[in-house]
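Undergrad: This is the content of structure_23.pdb (PDB, C-alpha atoms):
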ATOM      1  CA  MET A   1      26.398   0.119 -21.893  1.00  0.00           C
ATOM      2  CA  GLY A   2      29.971   0.519 -20.714  1.00  0.00           C
ATOM      3  CA  PRO A   3      31.719  -1.736 -18.223  1.00  0.00           C
ATOM      4  CA  ALA A   4      30.497   0.340 -15.286  1.00  0.00           C
ATOM      5  CA  GLY A   5      26.894   0.239 -16.460  1.00  0.00           C
ATOM      6  CA  ARG A   6      27.006   3.731 -17.954  1.00  0.00           C
ATOM      7  CA  ARG A   7      25.646   4.546 -21.372  1.00  0.00           C
ATOM      8  CA  TRP A   8      28.675   4.320 -23.639  1.00  0.00           C
ATOM      9  CA  THR A   9      28.320   4.000 -27.403  1.00  0.00           C
ATOM     10  CA  THR A  10      30.535   4.800 -30.351  1.00  0.00           C
ATOM     11  CA  ARG A  11      28.788   8.165 -30.617  1.00  0.00           C
ATOM     12  CA  CYS A  12      29.445   8.892 -26.947  1.00  0.00           C
ATOM     13  CA  CYS A  13      33.128   8.181 -27.481  1.00  0.00           C
ATOM     14  CA  CYS A  14      33.118  10.434 -30.517  1.00  0.00           C
ATOM     15  CA  ILE A  15      31.168  13.243 -28.881  1.00  0.00           C
ATOM     16  CA  ARG A  16      31.877  16.468 -30.801  1.00  0.00           C
ATOM     17  CA  VAL A  17      33.792  14.361 -33.298  1.00  0.00           C
ATOM     18  CA  GLY A  18      31.394  11.724 -34.686  1.00  0.00           C
ATOM     19  CA  ARG A  19      30.511  11.659 -38.336  1.00  0.00           C
ATOM     20  CA  ARG A  20      26.735  11.882 -38.052  1.00  0.00           C
ATOM     21  CA  ARG A  21      25.306  13.769 -35.113  1.00  0.00           C
ATOM     22  CA  ARG A  22      28.265  16.066 -34.507  1.00  0.00           C
ATOM     23  CA  PRO A  23      30.410  17.666 -37.212  1.00  0.00           C
ATOM     24  CA  ALA A  24      34.004  16.503 -36.956  1.00  0.00           C
ATOM     25  CA  GLY A  25      35.248  20.079 -36.793  1.00  0.00           C
ATOM     26  CA  ARG A  26      33.549  20.555 -33.442  1.00  0.00           C
ATOM     27  CA  TRP A  27      36.459  18.650 -31.865  1.00  0.00           C
ATOM     28  CA  ARG A  28      38.620  21.551 -32.884  1.00  0.00           C
ATOM     29  CA  THR A  29      36.288  24.480 -32.489  1.00  0.00           C
ATOM     30  CA  GLY A  30      34.482  23.496 -29.279  1.00  0.00           C
ATOM     31  CA  TRP A  31      36.717  23.127 -26.266  1.00  0.00           C
ATOM     32  CA  CYS A  32      40.125  22.862 -27.829  1.00  0.00           C
ATOM     33  CA  PRO A  33      41.129  26.439 -28.761  1.00  0.00           C
ATOM     34  CA  SER A  34      41.330  27.286 -25.052  1.00  0.00           C
ATOM     35  CA  TRP A  35      43.823  24.481 -24.498  1.00  0.00           C
ATOM     36  CA  ARG A  36      47.387  25.656 -24.172  1.00  0.00           C
ATOM     37  CA  GLY A  37      49.166  25.593 -27.529  1.00  0.00           C
ATOM     38  CA  TRP A  38      46.479  23.457 -29.145  1.00  0.00           C
ATOM     39  CA  PRO A  39      45.848  25.284 -32.461  1.00  0.00           C
ATOM     40  CA  GLU A  40      49.526  25.764 -33.238  1.00  0.00           C
ATOM     41  CA  ARG A  41      50.562  22.261 -32.234  1.00  0.00           C
ATOM     42  CA  LEU A  42      47.991  20.467 -34.382  1.00  0.00           C
ATOM     43  CA  ASP A  43      48.366  22.822 -37.331  1.00  0.00           C
ATOM     44  CA  SER A  44      51.765  21.370 -38.118  1.00  0.00           C
ATOM     45  CA  ALA A  45      52.794  18.890 -40.770  1.00  0.00           C
ATOM     46  CA  ASP A  46      54.575  16.689 -38.212  1.00  0.00           C
ATOM     47  CA  ALA A  47      51.689  16.625 -35.687  1.00  0.00           C
ATOM     48  CA  ARG A  48      50.664  13.115 -34.619  1.00  0.00           C
ATOM     49  CA  VAL A  49      47.598  11.721 -32.831  1.00  0.00           C
ATOM     50  CA  LEU A  50      47.280   8.315 -31.158  1.00  0.00           C
ATOM     51  CA  ASP A  51      43.791   6.788 -31.205  1.00  0.00           C
ATOM     52  CA  VAL A  52      43.738   4.012 -28.593  1.00  0.00           C
ATOM     53  CA  GLY A  53      41.148   1.300 -29.219  1.00  0.00           C
ATOM     54  CA  THR A  54      40.522   2.581 -32.708  1.00  0.00           C
ATOM     55  CA  GLY A  55      37.985  -0.148 -33.557  1.00  0.00           C
ATOM     56  CA  VAL A  56      36.673   0.453 -37.081  1.00  0.00           C
ATOM     57  CA  ALA A  57      38.653   3.729 -37.253  1.00  0.00           C
ATOM     58  CA  ALA A  58      35.618   6.024 -37.284  1.00  0.00           C
ATOM     59  CA  LEU A  59      37.226   8.378 -34.779  1.00  0.00           C
ATOM     60  CA  ALA A  60      40.572   8.245 -36.575  1.00  0.00           C
ATOM     61  CA  VAL A  61      38.857   9.334 -39.795  1.00  0.00           C
ATOM     62  CA  ALA A  62      36.937  12.090 -38.010  1.00  0.00           C
ATOM     63  CA  LEU A  63      40.092  13.403 -36.362  1.00  0.00           C
ATOM     64  CA  ALA A  64      41.997  13.384 -39.640  1.00  0.00           C
ATOM     65  CA  ARG A  65      39.206  15.374 -41.267  1.00  0.00           C
ATOM     66  CA  ALA A  66      38.939  17.818 -38.383  1.00  0.00           C
ATOM     67  CA  LEU A  67      42.699  18.311 -38.183  1.00  0.00           C
ATOM     68  CA  PRO A  68      43.851  18.419 -41.805  1.00  0.00           C
ATOM     69  CA  ARG A  69      47.599  18.456 -41.163  1.00  0.00           C
ATOM     70  CA  VAL A  70      47.943  15.687 -38.580  1.00  0.00           C
ATOM     71  CA  SER A  71      48.784  12.026 -38.961  1.00  0.00           C
ATOM     72  CA  VAL A  72      46.650   9.620 -36.926  1.00  0.00           C
ATOM     73  CA  VAL A  73      47.827   6.250 -35.612  1.00  0.00           C
ATOM     74  CA  GLY A  74      45.064   3.870 -34.552  1.00  0.00           C
ATOM     75  CA  ILE A  75      45.813   0.827 -32.380  1.00  0.00           C
ATOM     76  CA  ASP A  76      43.574  -2.042 -31.307  1.00  0.00           C
ATOM     77  CA  VAL A  77      43.993  -5.579 -29.983  1.00  0.00           C
ATOM     78  CA  LEU A  78      41.160  -6.980 -32.116  1.00  0.00           C
ATOM     79  CA  GLN A  79      42.192  -8.037 -35.584  1.00  0.00           C
ATOM     80  CA  ARG A  80      38.554  -8.288 -36.675  1.00  0.00           C
ATOM     81  CA  ALA A  81      38.045  -4.606 -35.829  1.00  0.00           C
ATOM     82  CA  LEU A  82      41.158  -3.652 -37.754  1.00  0.00           C
ATOM     83  CA  ASP A  83      39.975  -5.646 -40.757  1.00  0.00           C
ATOM     84  CA  LEU A  84      36.743  -3.648 -40.708  1.00  0.00           C
ATOM     85  CA  ALA A  85      38.747  -0.462 -40.260  1.00  0.00           C
ATOM     86  CA  GLY A  86      40.482  -1.188 -43.540  1.00  0.00           C
ATOM     87  CA  GLY A  87      37.096  -0.937 -45.246  1.00  0.00           C
ATOM     88  CA  GLU A  88      36.420   2.329 -43.450  1.00  0.00           C
ATOM     89  CA  LEU A  89      39.672   3.774 -44.763  1.00  0.00           C
ATOM     90  CA  ALA A  90      38.894   2.586 -48.274  1.00  0.00           C
ATOM     91  CA  GLU A  91      35.843   4.866 -48.163  1.00  0.00           C
ATOM     92  CA  ALA A  92      37.802   7.772 -46.713  1.00  0.00           C
ATOM     93  CA  GLY A  93      40.120   8.497 -49.598  1.00  0.00           C
ATOM     94  CA  ASP A  94      40.449  12.146 -48.643  1.00  0.00           C
ATOM     95  CA  VAL A  95      42.305  11.302 -45.416  1.00  0.00           C
ATOM     96  CA  ALA A  96      43.364   7.639 -45.670  1.00  0.00           C
ATOM     97  CA  ASP A  97      46.960   8.545 -46.488  1.00  0.00           C
ATOM     98  CA  ARG A  98      47.297  10.223 -43.076  1.00  0.00           C
ATOM     99  CA  ILE A  99      45.946   7.287 -41.039  1.00  0.00           C
ATOM    100  CA  SER A 100      47.890   4.169 -40.095  1.00  0.00           C
ATOM    101  CA  LEU A 101      46.516   1.194 -38.177  1.00  0.00           C
ATOM    102  CA  ARG A 102      48.256  -1.511 -36.237  1.00  0.00           C
ATOM    103  CA  ARG A 103      47.432  -4.376 -33.913  1.00  0.00           C
ATOM    104  CA  GLN A 104      48.886  -3.470 -30.536  1.00  0.00           C
ATOM    105  CA  ASP A 105      48.030  -3.650 -26.859  1.00  0.00           C
ATOM    106  CA  VAL A 106      48.007  -0.170 -25.371  1.00  0.00           C
ATOM    107  CA  ALA A 107      49.978  -1.545 -22.401  1.00  0.00           C
ATOM    108  CA  GLU A 108      52.840  -2.169 -24.840  1.00  0.00           C
ATOM    109  CA  VAL A 109      53.052   1.325 -26.326  1.00  0.00           C
ATOM    110  CA  ALA A 110      56.689   2.426 -26.210  1.00  0.00           C
ATOM    111  CA  GLU A 111      57.067   5.646 -28.211  1.00  0.00           C
ATOM    112  CA  PRO A 112      58.449   8.334 -25.890  1.00  0.00           C
ATOM    113  CA  GLY A 113      57.668  11.793 -27.207  1.00  0.00           C
ATOM    114  CA  GLY A 114      55.798  10.408 -30.205  1.00  0.00           C
ATOM    115  CA  TYR A 115      52.435  12.196 -30.106  1.00  0.00           C
ATOM    116  CA  ASP A 116      50.853  15.607 -29.710  1.00  0.00           C
ATOM    117  CA  LEU A 117      47.459  14.169 -28.735  1.00  0.00           C
ATOM    118  CA  VAL A 118      46.545  10.810 -27.203  1.00  0.00           C
ATOM    119  CA  TRP A 119      42.906   9.654 -26.992  1.00  0.00           C
ATOM    120  CA  VAL A 120      42.029   6.943 -24.434  1.00  0.00           C
ATOM    121  CA  PRO A 121      38.515   5.409 -24.147  1.00  0.00           C
ATOM    122  CA  ALA A 122      39.177   4.414 -20.538  1.00  0.00           C
ATOM    123  CA  PRO A 123      35.995   2.457 -19.613  1.00  0.00           C
ATOM    124  CA  PHE A 124      36.715  -0.174 -22.255  1.00  0.00           C
ATOM    125  CA  LEU A 125      40.165  -1.083 -20.892  1.00  0.00           C
ATOM    126  CA  PRO A 126      40.730  -3.720 -18.199  1.00  0.00           C
ATOM    127  CA  GLN A 127      42.039  -2.459 -14.854  1.00  0.00           C
ATOM    128  CA  GLN A 128      45.512  -3.963 -15.231  1.00  0.00           C
ATOM    129  CA  THR A 129      45.852  -2.803 -18.826  1.00  0.00           C
ATOM    130  CA  LEU A 130      44.903   0.793 -18.010  1.00  0.00           C
ATOM    131  CA  THR A 131      47.136   0.878 -14.935  1.00  0.00           C
ATOM    132  CA  VAL A 132      50.144  -0.228 -16.979  1.00  0.00           C
ATOM    133  CA  ALA A 133      49.242   1.847 -20.042  1.00  0.00           C
ATOM    134  CA  LEU A 134      48.739   5.287 -18.513  1.00  0.00           C
ATOM    135  CA  PRO A 135      52.401   5.943 -17.580  1.00  0.00           C
ATOM    136  CA  ARG A 136      53.410   4.769 -21.055  1.00  0.00           C
ATOM    137  CA  LEU A 137      50.891   7.082 -22.690  1.00  0.00           C
ATOM    138  CA  VAL A 138      52.063  10.016 -20.611  1.00  0.00           C
ATOM    139  CA  GLN A 139      55.609   9.307 -21.813  1.00  0.00           C
ATOM    140  CA  ALA A 140      54.317   9.019 -25.389  1.00  0.00           C
ATOM    141  CA  LEU A 141      53.259  12.667 -25.299  1.00  0.00           C
ATOM    142  CA  ARG A 142      55.536  15.272 -26.736  1.00  0.00           C
ATOM    143  CA  PRO A 143      56.236  18.203 -24.410  1.00  0.00           C
ATOM    144  CA  GLY A 144      53.206  20.455 -24.758  1.00  0.00           C
ATOM    145  CA  GLY A 145      50.959  17.591 -25.881  1.00  0.00           C
ATOM    146  CA  TRP A 146      47.583  16.591 -24.477  1.00  0.00           C
ATOM    147  CA  LEU A 147      46.102  13.314 -23.240  1.00  0.00           C
ATOM    148  CA  VAL A 148      42.305  13.124 -23.445  1.00  0.00           C
ATOM    149  CA  ALA A 149      40.530  10.257 -21.692  1.00  0.00           C
ATOM    150  CA  GLY A 150      36.887   9.352 -21.988  1.00  0.00           C
ATOM    151  CA  THR A 151      35.673   8.360 -18.506  1.00  0.00           C
ATOM    152  CA  ASN A 152      32.536   7.599 -16.567  1.00  0.00           C
ATOM    153  CA  PRO A 153      31.271  10.370 -14.279  1.00  0.00           C
ATOM    154  CA  PRO A 154      31.710  10.053 -10.503  1.00  0.00           C
ATOM    155  CA  ALA A 155      28.833   8.239  -8.838  1.00  0.00           C
ATOM    156  CA  GLY A 156      27.998  10.933  -6.294  1.00  0.00           C
ATOM    157  CA  ASP A 157      27.778   8.867  -3.108  1.00  0.00           C
ATOM    158  CA  PRO A 158      30.407   6.485  -1.645  1.00  0.00           C
ATOM    159  CA  LEU A 159      28.272   3.347  -1.702  1.00  0.00           C
ATOM    160  CA  ARG A 160      27.240   3.763  -5.327  1.00  0.00           C
ATOM    161  CA  ALA A 161      30.825   4.599  -6.262  1.00  0.00           C
ATOM    162  CA  ALA A 162      32.074   1.419  -4.608  1.00  0.00           C
ATOM    163  CA  VAL A 163      29.425  -0.684  -6.348  1.00  0.00           C
ATOM    164  CA  ASN A 164      30.238   0.909  -9.717  1.00  0.00           C
ATOM    165  CA  ARG A 165      33.940   0.217  -9.275  1.00  0.00           C
ATOM    166  CA  TRP A 166      33.275  -3.400  -8.308  1.00  0.00           C
ATOM    167  CA  ASN A 167      30.928  -3.947 -11.245  1.00  0.00           C
ATOM    168  CA  ALA A 168      33.318  -2.325 -13.690  1.00  0.00           C
ATOM    169  CA  VAL A 169      36.280  -4.485 -12.718  1.00  0.00           C
ATOM    170  CA  ARG A 170      34.127  -7.639 -12.536  1.00  0.00           C
ATOM    171  CA  ASN A 171      32.860  -6.966 -16.073  1.00  0.00           C
ATOM    172  CA  GLY A 172      36.328  -6.528 -17.513  1.00  0.00           C
ATOM    173  CA  GLY A 173      36.626  -2.765 -17.155  1.00  0.00           C
ATOM    174  CA  ASN A 174      38.296  -0.627 -14.527  1.00  0.00           C
ATOM    175  CA  ALA A 175      37.643   1.565 -11.509  1.00  0.00           C
ATOM    176  CA  PHE A 176      38.783   4.832 -13.106  1.00  0.00           C
ATOM    177  CA  ASP A 177      35.988   7.397 -13.041  1.00  0.00           C
ATOM    178  CA  ALA A 178      36.631  11.029 -14.015  1.00  0.00           C
ATOM    179  CA  ASP A 179      37.932  11.978 -10.563  1.00  0.00           C
ATOM    180  CA  ARG A 180      40.306   9.030 -10.371  1.00  0.00           C
ATOM    181  CA  MET A 181      41.585   9.663 -13.889  1.00  0.00           C
ATOM    182  CA  ALA A 182      42.244  13.332 -13.113  1.00  0.00           C
ATOM    183  CA  GLU A 183      44.114  12.338  -9.951  1.00  0.00           C
ATOM    184  CA  VAL A 184      46.267   9.762 -11.734  1.00  0.00           C
ATOM    185  CA  LEU A 185      47.146  12.078 -14.629  1.00  0.00           C
ATOM    186  CA  ALA A 186      48.119  14.860 -12.239  1.00  0.00           C
ATOM    187  CA  GLY A 187      50.204  12.379 -10.234  1.00  0.00           C
ATOM    188  CA  ALA A 188      51.967  11.338 -13.433  1.00  0.00           C
ATOM    189  CA  GLY A 189      53.196  14.892 -13.928  1.00  0.00           C
ATOM    190  CA  LEU A 190      50.590  16.241 -16.328  1.00  0.00           C
ATOM    191  CA  GLY A 191      49.146  19.682 -15.669  1.00  0.00           C
ATOM    192  CA  ASP A 192      46.154  21.862 -16.494  1.00  0.00           C
ATOM    193  CA  VAL A 193      43.819  18.916 -15.830  1.00  0.00           C
ATOM    194  CA  ARG A 194      40.296  19.680 -17.072  1.00  0.00           C
ATOM    195  CA  ARG A 195      36.955  17.883 -17.148  1.00  0.00           C
ATOM    196  CA  PHE A 196      34.408  18.243 -19.944  1.00  0.00           C
ATOM    197  CA  PRO A 197      30.959  16.675 -19.372  1.00  0.00           C
ATOM    198  CA  THR A 198      29.229  15.499 -22.537  1.00  0.00           C
ATOM    199  CA  VAL A 199      25.547  14.682 -21.904  1.00  0.00           C
ATOM    200  CA  PRO A 200      23.728  14.493 -18.540  1.00  0.00           C
ATOM    201  CA  GLY A 201      24.822  11.317 -16.785  1.00  0.00           C
ATOM    202  CA  GLY A 202      27.066  10.460 -19.721  1.00  0.00           C
ATOM    203  CA  PRO A 203      30.816  10.294 -20.282  1.00  0.00           C
ATOM    204  CA  VAL A 204      33.195  12.941 -18.988  1.00  0.00           C
ATOM    205  CA  LEU A 205      36.283  13.813 -20.996  1.00  0.00           C
ATOM    206  CA  VAL A 206      39.356  14.397 -18.837  1.00  0.00           C
ATOM    207  CA  ALA A 207      42.140  16.320 -20.552  1.00  0.00           C
ATOM    208  CA  ALA A 208      45.654  16.946 -19.239  1.00  0.00           C
ATOM    209  CA  HIS A 209      48.719  18.694 -20.640  1.00  0.00           C
ATOM    210  CA  ARG A 210      52.359  17.623 -20.594  1.00  0.00           C
ATOM    211  CA  PRO A 211      54.461  20.624 -19.543  1.00  0.00           C
ATOM    212  CA  GLY A 212      56.999  22.068 -21.936  1.00  0.00           C
ATOM    213  CA  GLY A 213      56.988  22.534 -25.656  1.00  0.00           C
TER     214      GLY A 213
END
How would this structure read if it were set down as structure tokens?
TA:
Amino acid sequence: MGPAGRRWTTRCCCIRVGRRRRPAGRWRTGWCPSWRGWPERLDSADARVLDVGTGVAALAVALARALPRVSVVGIDVLQRALDLAGGELAEAGDVADRISLRRQDVAEVAEPGGYDLVWVPAPFLPQQTLTVALPRLVQALRPGGWLVAGTNPPAGDPLRAAVNRWNAVRNGGNAFDADRMAEVLAGAGLGDVRRFPTVPGGPVLVAAHRPGG
């Protein structure tokens, strides 16, 4: 369960990307071709992807396999997870040379114009961390790049929404559901904000595009 009580698992985070239930290529061939400039941008030898909260690097490996010309940077604050990720990369010899891992707090990312795609598993980040990180991640996008955030769906009624927000923050998460995330990304100057539900009652992916490029 995620911080807001929703059903979040590694597979939910990797929906259309995960190694087992969904072929990695679905990330590319499902929603993404309709995104502005997506195929051309990620079919380039200098294309870069930032995987926030990479954990054991399962998503980083899946992205590298789905997007055979990109380099993926995975960051996490947990050294134990990164140690396990090293084992994951050792078994992924076909893509390991295009994946780099580092221990870093997402609130400390300072790479303006560094990435074509940024993935953020929002429910797992504390409120203060996400609030500080989002403007930095927007700046980390290259013009024409996309930020994709995994979020919890809106609750539907005001009382339930308020309770969910309170529970999420109390449990170490944040109050950003899909609607709030879309609002914040639009307010940060990103455009073409889109929502992609995954499974009924499950995570909603919110994608937004940095103008230019």
Undergrad: Calculate, to one decimal in Å, the centre and edge lengths of the box along x, y and z of the file that holds all listed atoms of stretch 54-68 of chain A with 3 Å of margin on each side, and present them as AutoDock Vina command-line options.
TA:
--center_x 39.7 --center_y 9.1 --center_z -37.3 --size_x 14.2 --size_y 24.6 --size_z 15.1
Undergrad: I'd like to know which of A:Ala58, A:Ala175, A:Leu147, A:Ala110 is closest to A:Ala96, using only C-alpha atoms.
TA: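 Going through A:Ala58, A:Ala175, A:Leu147, A:Ala110 one by one, the smallest distance to A:Ala96 is for A:Ala58.
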Undergrad: Could you spell out the hits of the PyMOL selection byres ((chain A and resi 85) around 12) on the shown file, as a ChimeraX atom specification?
TA: /A:53-61,74-76,78-84,86-92,96,99-103
Undergrad: Now that the selection is made, can you save its residues with C-alpha atoms as a short mmCIF file (atom, residue, chain, number, x, y, z; two decimals), keeping the file's coordinate frame?
TA:
data_model
loop_
_atom_site.label_atom_id
_atom_site.label_comp_id
_atom_site.auth_asym_id
_atom_site.auth_seq_id
_atom_site.Cartn_x
_atom_site.Cartn_y
_atom_site.Cartn_z
CA GLY A 53 41.15 1.30 -29.22
CA THR A 54 40.52 2.58 -32.71
CA GLY A 55 37.98 -0.15 -33.56
CA VAL A 56 36.67 0.45 -37.08
CA ALA A 57 38.65 3.73 -37.25
CA ALA A 58 35.62 6.02 -37.28
CA LEU A 59 37.23 8.38 -34.78
CA ALA A 60 40.57 8.24 -36.58
CA VAL A 61 38.86 9.33 -39.80
CA GLY A 74 45.06 3.87 -34.55
CA ILE A 75 45.81 0.83 -32.38
CA ASP A 76 43.57 -2.04 -31.31
CA LEU A 78 41.16 -6.98 -32.12
CA GLN A 79 42.19 -8.04 -35.58
CA ARG A 80 38.55 -8.29 -36.67
CA ALA A 81 38.04 -4.61 -35.83
CA LEU A 82 41.16 -3.65 -37.75
CA ASP A 83 39.98 -5.65 -40.76
CA LEU A 84 36.74 -3.65 -40.71
CA GLY A 86 40.48 -1.19 -43.54
CA GLY A 87 37.10 -0.94 -45.25
CA GLU A 88 36.42 2.33 -43.45
CA LEU A 89 39.67 3.77 -44.76
CA ALA A 90 38.89 2.59 -48.27
CA GLU A 91 35.84 4.87 -48.16
CA ALA A 92 37.80 7.77 -46.71
CA ALA A 96 43.36 7.64 -45.67
CA ILE A 99 45.95 7.29 -41.04
CA SER A 100 47.89 4.17 -40.10
CA LEU A 101 46.52 1.19 -38.18
CA ARG A 102 48.26 -1.51 -36.24
CA ARG A 103 47.43 -4.38 -33.91
#
Undergrad: Spell out the residues picked by the PyMOL selection byres ((chain A and resi 188-190) around 12) here, as a PyMOL selection string.
TA: chain A and resi 131+133-139+141-148+181-187+191-194+206-212
Undergrad: Given the file shown, enumerate the residues that the PyMOL selection byres ((chain A and resi 118) around 6) captures and present them as a list in words.
TA: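 After applying the PyMOL selection byres ((chain A and resi 118) around 6), what remains is Val49, Leu50, Leu117, Trp119 and Leu147 of chain A.
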